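All remarks here apply to the structure that follows.
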Amino acid sequence: MALKIAAAIAALALMGTSAFAGDPSGTWLRDTGASKVKIGPCGSGAYCGSLVWLKPGVETPAKVGQRIFYDMKPDGTDAWKGSAFNPEDGKTYSGKMSLSGGTLTTAGCAMGGMICKSSTWARAN
């Protein structure tokens with residue numbers, strides 16, 4: 001009986017942070033209005049995001065269909081950490097996402113998180 005109780009407590013602990021967190025899944029419009037990214041589950045409790053739209057006339061090396069957020073795993077309530085690809089310089093950085101209501105903030109960070117560049121996104125769906 002004690003083993004069953006311990007197993008149940010362990011299962012609840014594993015669900016704890018993600019069960020009550022917001023869900024970043026969906027399509028998001030960047031604050032500049034230049035692009036949209038679709039974020040969804042991509043295995044192992046992680047989220048990934050790919051570009052699904054670029055504003056006509058915007059000059060960028062980014063391509064529709066290109067994945068820019070990888071393996072974003074829970075890192076607290078309504079927060080995720082993983083990798084972010086910057087099509088502008090072709091480099092992959094440590095990435096962060098945080099959700100607050102209908103606003104998603106993403107960041108790519110270098111130098112162990114000391115220098116970060118963030119973008120704000122609004123739900124588009």
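As shown in the structure tokens, the chain order sets the letters A, B, ...; within each chain, residues go from 1, and ligands are also counted from 1 in the order they appear.
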Residues within 12 Å of stretch 76-81 of chain A, only C-alpha atoms, excluding chain neighbours under 5 positions, as a short mmCIF file (atom, residue, chain, number, x, y, z; two decimals) with N, CA, C and O atoms, in the first residue's frame:
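What follows is the written file selection07.cif:
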```cif
data_model
loop_
_atom_site.label_atom_id
_atom_site.label_comp_id
_atom_site.auth_asym_id
_atom_site.auth_seq_id
_atom_site.Cartn_x
_atom_site.Cartn_y
_atom_site.Cartn_z
N MET A 15 3.77 15.65 -12.86
CA MET A 15 2.78 16.44 -13.59
C MET A 15 2.74 17.87 -13.07
O MET A 15 2.33 18.77 -13.79
N GLY A 16 3.19 18.11 -11.88
CA GLY A 16 3.04 19.38 -11.18
C GLY A 16 3.27 20.63 -11.99
O GLY A 16 2.39 21.47 -12.08
N THR A 17 4.44 20.83 -12.60
CA THR A 17 4.69 22.10 -13.26
C THR A 17 3.98 22.22 -14.58
O THR A 17 3.51 23.28 -14.93
N SER A 18 3.85 21.12 -15.35
CA SER A 18 3.26 21.25 -16.66
C SER A 18 1.74 21.16 -16.63
O SER A 18 1.07 21.71 -17.48
N ALA A 19 1.15 20.47 -15.66
CA ALA A 19 -0.29 20.30 -15.63
C ALA A 19 -1.01 21.61 -15.40
O ALA A 19 -2.12 21.80 -15.86
N PHE A 20 -0.41 22.52 -14.68
CA PHE A 20 -1.08 23.76 -14.36
C PHE A 20 -0.54 24.95 -15.15
O PHE A 20 -0.98 26.06 -15.00
N ALA A 21 0.44 24.69 -16.00
CA ALA A 21 1.03 25.77 -16.80
C ALA A 21 0.13 26.10 -17.98
O ALA A 21 -0.67 25.29 -18.42
N GLY A 22 0.30 27.32 -18.51
CA GLY A 22 -0.40 27.70 -19.71
C GLY A 22 0.14 26.90 -20.88
O GLY A 22 1.17 26.23 -20.78
N ASP A 23 -0.55 26.96 -21.99
CA ASP A 23 -0.14 26.22 -23.16
C ASP A 23 0.25 27.20 -24.27
O ASP A 23 -0.59 27.96 -24.74
N PRO A 24 1.51 27.19 -24.69
CA PRO A 24 1.94 28.12 -25.74
C PRO A 24 1.55 27.67 -27.15
O PRO A 24 1.85 28.37 -28.12
N SER A 25 0.87 26.53 -27.27
CA SER A 25 0.50 26.04 -28.59
C SER A 25 -0.40 27.03 -29.32
O SER A 25 -1.28 27.63 -28.73
N GLY A 45 7.51 16.20 -23.92
CA GLY A 45 7.00 17.32 -23.13
C GLY A 45 7.54 18.66 -23.58
O GLY A 45 7.43 19.65 -22.86
N ALA A 46 8.13 18.71 -24.75
CA ALA A 46 8.73 19.95 -25.27
C ALA A 46 7.83 20.60 -26.33
O ALA A 46 6.93 19.96 -26.87
N TYR A 47 8.10 21.88 -26.60
CA TYR A 47 7.43 22.62 -27.66
C TYR A 47 8.46 23.07 -28.68
O TYR A 47 9.61 23.35 -28.33
N CYS A 48 8.02 23.15 -29.93
CA CYS A 48 8.86 23.67 -31.01
C CYS A 48 8.02 24.67 -31.79
O CYS A 48 6.79 24.63 -31.74
N PHE A 69 12.28 27.59 -33.02
CA PHE A 69 12.32 27.24 -31.59
C PHE A 69 12.36 25.73 -31.47
O PHE A 69 11.55 25.03 -32.07
N TYR A 70 13.33 25.22 -30.70
CA TYR A 70 13.56 23.79 -30.55
C TYR A 70 13.50 23.37 -29.09
O TYR A 70 14.05 24.05 -28.23
N ASP A 71 12.88 22.22 -28.85
CA ASP A 71 12.96 21.55 -27.55
C ASP A 71 12.77 22.48 -26.36
O ASP A 71 13.53 22.45 -25.39
N TYR A 93 20.91 29.86 -30.46
CA TYR A 93 21.19 30.38 -29.13
C TYR A 93 20.37 29.62 -28.10
O TYR A 93 19.41 28.94 -28.43
N SER A 94 20.74 29.76 -26.82
CA SER A 94 19.86 29.22 -25.79
C SER A 94 18.60 30.08 -25.85
O SER A 94 18.66 31.28 -26.07
N GLY A 95 17.47 29.43 -25.72
CA GLY A 95 16.21 30.14 -25.88
C GLY A 95 15.32 30.04 -24.66
O GLY A 95 15.43 29.11 -23.86
N LYS A 96 14.45 31.04 -24.54
CA LYS A 96 13.48 31.09 -23.45
C LYS A 96 12.15 31.53 -24.03
O LYS A 96 12.10 32.30 -24.98
N MET A 97 11.07 31.05 -23.43
CA MET A 97 9.72 31.51 -23.75
C MET A 97 8.98 31.70 -22.44
O MET A 97 9.18 30.93 -21.50
N SER A 98 8.15 32.73 -22.39
CA SER A 98 7.27 32.90 -21.24
C SER A 98 5.92 33.39 -21.74
O SER A 98 5.83 34.15 -22.69
N LEU A 99 4.89 32.91 -21.09
CA LEU A 99 3.52 33.18 -21.49
C LEU A 99 2.83 33.98 -20.40
O LEU A 99 2.91 33.65 -19.22
N SER A 100 2.18 35.07 -20.80
CA SER A 100 1.40 35.89 -19.88
C SER A 100 0.12 36.30 -20.60
O SER A 100 0.15 37.17 -21.47
N GLY A 101 -0.98 35.62 -20.26
CA GLY A 101 -2.23 35.88 -20.94
C GLY A 101 -2.11 35.56 -22.42
O GLY A 101 -1.70 34.48 -22.80
N GLY A 102 -2.42 36.55 -23.28
CA GLY A 102 -2.33 36.36 -24.72
C GLY A 102 -1.02 36.85 -25.30
O GLY A 102 -0.93 37.10 -26.50
N THR A 103 0.00 36.98 -24.46
CA THR A 103 1.30 37.47 -24.93
C THR A 103 2.37 36.42 -24.65
O THR A 103 2.48 35.90 -23.55
N LEU A 104 3.15 36.12 -25.69
CA LEU A 104 4.28 35.21 -25.58
C LEU A 104 5.55 36.02 -25.78
O LEU A 104 5.65 36.78 -26.75
N THR A 105 6.48 35.90 -24.87
CA THR A 105 7.77 36.57 -25.01
C THR A 105 8.82 35.50 -25.24
O THR A 105 8.88 34.52 -24.50
N THR A 106 9.60 35.67 -26.30
CA THR A 106 10.67 34.74 -26.61
C THR A 106 11.99 35.48 -26.55
O THR A 106 12.04 36.69 -26.78
N ALA A 107 13.06 34.74 -26.26
CA ALA A 107 14.38 35.35 -26.21
C ALA A 107 15.43 34.33 -26.64
O ALA A 107 15.32 33.15 -26.34
N GLY A 108 16.42 34.85 -27.35
CA GLY A 108 17.61 34.09 -27.66
C GLY A 108 18.74 34.70 -26.86
O GLY A 108 18.89 35.92 -26.83
N CYS A 109 19.51 33.86 -26.19
CA CYS A 109 20.54 34.38 -25.28
C CYS A 109 21.91 33.81 -25.61
O CYS A 109 22.05 32.66 -26.00
N GLY A 113 23.44 33.37 -21.04
CA GLY A 113 22.23 34.08 -20.67
C GLY A 113 22.46 35.52 -20.24
O GLY A 113 21.53 36.20 -19.82
#
```
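If you look at atom CA of A:Val58 and atom CA of A:Phe85, they are 18.4 Å away from each other.
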- Task: For atom CA of A:Val52 and atom CA of A:Gly112, quote the distance in Å rounded to one decimal.
- Result: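 Between atom CA of A:Val52 and atom CA of A:Gly112 the gap is 29.4 Å.
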Using only C-alpha atoms, which residues sit within 8 Å of A:Val64 once same-chain residues fewer than 2 positions away are excluded, as a tab-separated table (two decimals) with all heavy atoms, in the first residue's frame?
```
chain	number	residue	atom	x	y	z
A	50	SER	N	7.75	26.88	-35.67
A	50	SER	CA	8.21	27.12	-37.04
A	50	SER	C	7.51	28.33	-37.62
A	50	SER	O	6.35	28.61	-37.29
A	50	SER	CB	7.90	25.91	-37.92
A	50	SER	OG	8.57	24.77	-37.46
A	51	LEU	N	8.21	29.02	-38.51
A	51	LEU	CA	7.62	30.16	-39.21
A	51	LEU	C	6.53	29.66	-40.14
A	51	LEU	O	6.74	28.70	-40.89
A	51	LEU	CB	8.67	30.91	-40.02
A	51	LEU	CG	9.70	31.69	-39.23
A	51	LEU	CD1	10.80	32.22	-40.14
A	51	LEU	CD2	9.03	32.85	-38.50
A	52	VAL	N	5.36	30.28	-40.08
A	52	VAL	CA	4.27	29.89	-40.97
A	52	VAL	C	3.84	31.01	-41.90
A	52	VAL	O	3.06	30.79	-42.83
A	52	VAL	CB	3.04	29.37	-40.17
A	52	VAL	CG1	3.38	28.07	-39.47
A	52	VAL	CG2	2.53	30.40	-39.19
A	53	TRP	N	4.36	32.24	-41.68
A	53	TRP	CA	3.99	33.37	-42.52
A	53	TRP	C	5.02	34.47	-42.37
A	53	TRP	O	5.53	34.72	-41.28
A	53	TRP	CB	2.62	33.91	-42.09
A	53	TRP	CG	2.15	35.11	-42.81
A	53	TRP	CD1	1.54	35.15	-44.03
A	53	TRP	CD2	2.24	36.47	-42.37
A	53	TRP	NE1	1.25	36.46	-44.36
A	53	TRP	CE2	1.67	37.29	-43.36
A	53	TRP	CE3	2.75	37.08	-41.22
A	53	TRP	CZ2	1.59	38.67	-43.24
A	53	TRP	CZ3	2.67	38.45	-41.11
A	53	TRP	CH2	2.09	39.23	-42.10
A	54	LEU	N	5.35	35.08	-43.49
A	54	LEU	CA	6.21	36.28	-43.51
A	54	LEU	C	5.47	37.36	-44.28
A	54	LEU	O	4.89	37.10	-45.33
A	54	LEU	CB	7.54	35.99	-44.19
A	54	LEU	CG	8.50	35.07	-43.44
A	54	LEU	CD1	9.66	34.65	-44.35
A	54	LEU	CD2	9.02	35.74	-42.19
A	62	ALA	N	15.01	34.48	-43.40
A	62	ALA	CA	14.10	33.48	-42.85
A	62	ALA	C	13.19	32.94	-43.96
A	62	ALA	O	12.84	33.65	-44.90
A	62	ALA	CB	13.25	34.09	-41.75
A	66	GLN	N	10.60	27.16	-41.73
A	66	GLN	CA	11.85	27.03	-40.98
A	66	GLN	C	11.56	26.96	-39.48
A	66	GLN	O	10.82	27.76	-38.94
A	66	GLN	CB	12.72	28.24	-41.29
A	66	GLN	CG	14.11	28.18	-40.76
A	66	GLN	CD	14.95	29.31	-41.35
A	66	GLN	OE1	14.45	30.38	-41.70
A	66	GLN	NE2	16.24	29.08	-41.45
```
- Message: So that I can check the secondary structure, give me every residue of chain A assigned helix (DSSP H, G or I) by backbone DSSP, as a list in words.
- Response: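 The helix (DSSP H, G or I) subset of chain A is Ala2, Leu3, Lys4, Ile5, Ala6, Ala7, Ala8, Ile9, Ala10, Ala11, Leu12, Ala13, Leu14, Met15, Gly16, Thr17, Ser18, Ala19, Met111, Gly112 and Gly113 of chain A.
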Output of the above residues as a PDB file, in the first residue's frame, restricted to C-alpha atoms:
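result.pdb written:
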```
ATOM      1  CA  ALA A   2       2.804   2.424   0.879  1.00  0.00           C
ATOM      2  CA  LEU A   3       4.404   1.677  -2.499  1.00  0.00           C
ATOM      3  CA  LYS A   4       1.173   2.605  -4.313  1.00  0.00           C
ATOM      4  CA  ILE A   5       0.925   5.877  -2.379  1.00  0.00           C
ATOM      5  CA  ALA A   6       4.567   6.717  -3.131  1.00  0.00           C
ATOM      6  CA  ALA A   7       3.987   5.977  -6.839  1.00  0.00           C
ATOM      7  CA  ALA A   8       0.906   8.221  -6.886  1.00  0.00           C
ATOM      8  CA  ILE A   9       2.808  11.066  -5.200  1.00  0.00           C
ATOM      9  CA  ALA A  10       5.683  10.681  -7.663  1.00  0.00           C
ATOM     10  CA  ALA A  11       3.256  10.801 -10.613  1.00  0.00           C
ATOM     11  CA  LEU A  12       1.645  13.967  -9.275  1.00  0.00           C
ATOM     12  CA  ALA A  13       5.047  15.571  -8.748  1.00  0.00           C
ATOM     13  CA  LEU A  14       6.018  14.867 -12.352  1.00  0.00           C
ATOM     14  CA  MET A  15       2.784  16.444 -13.585  1.00  0.00           C
ATOM     15  CA  GLY A  16       3.041  19.378 -11.182  1.00  0.00           C
ATOM     16  CA  THR A  17       4.695  22.099 -13.259  1.00  0.00           C
ATOM     17  CA  SER A  18       3.260  21.249 -16.665  1.00  0.00           C
ATOM     18  CA  ALA A  19      -0.287  20.295 -15.631  1.00  0.00           C
ATOM     19  CA  MET A 111      27.174  34.232 -23.087  1.00  0.00           C
ATOM     20  CA  GLY A 112      25.391  31.972 -20.619  1.00  0.00           C
ATOM     21  CA  GLY A 113      22.234  34.081 -20.668  1.00  0.00           C
TER      22      GLY A 113
END
```
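Residue nearest A:Thr92, chosen from A:Gly49, A:Ile68, A:Gly43, A:Met114 and counting only C-alpha atoms: A:Ile68.
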- Note on the structure: Computed gap from atom CA of A:Gly90 to atom CA of A:Pro41 is 23.7 Å
- Message: Can you pull out every residue from chain A that DSSP, working from the backbone, puts in strand (DSSP E), and format the result as number ranges by chain?
- Response: A: 26-30, 35-41, 47-54, 67-74, 79-86, 91-100, 103-110, 115-123
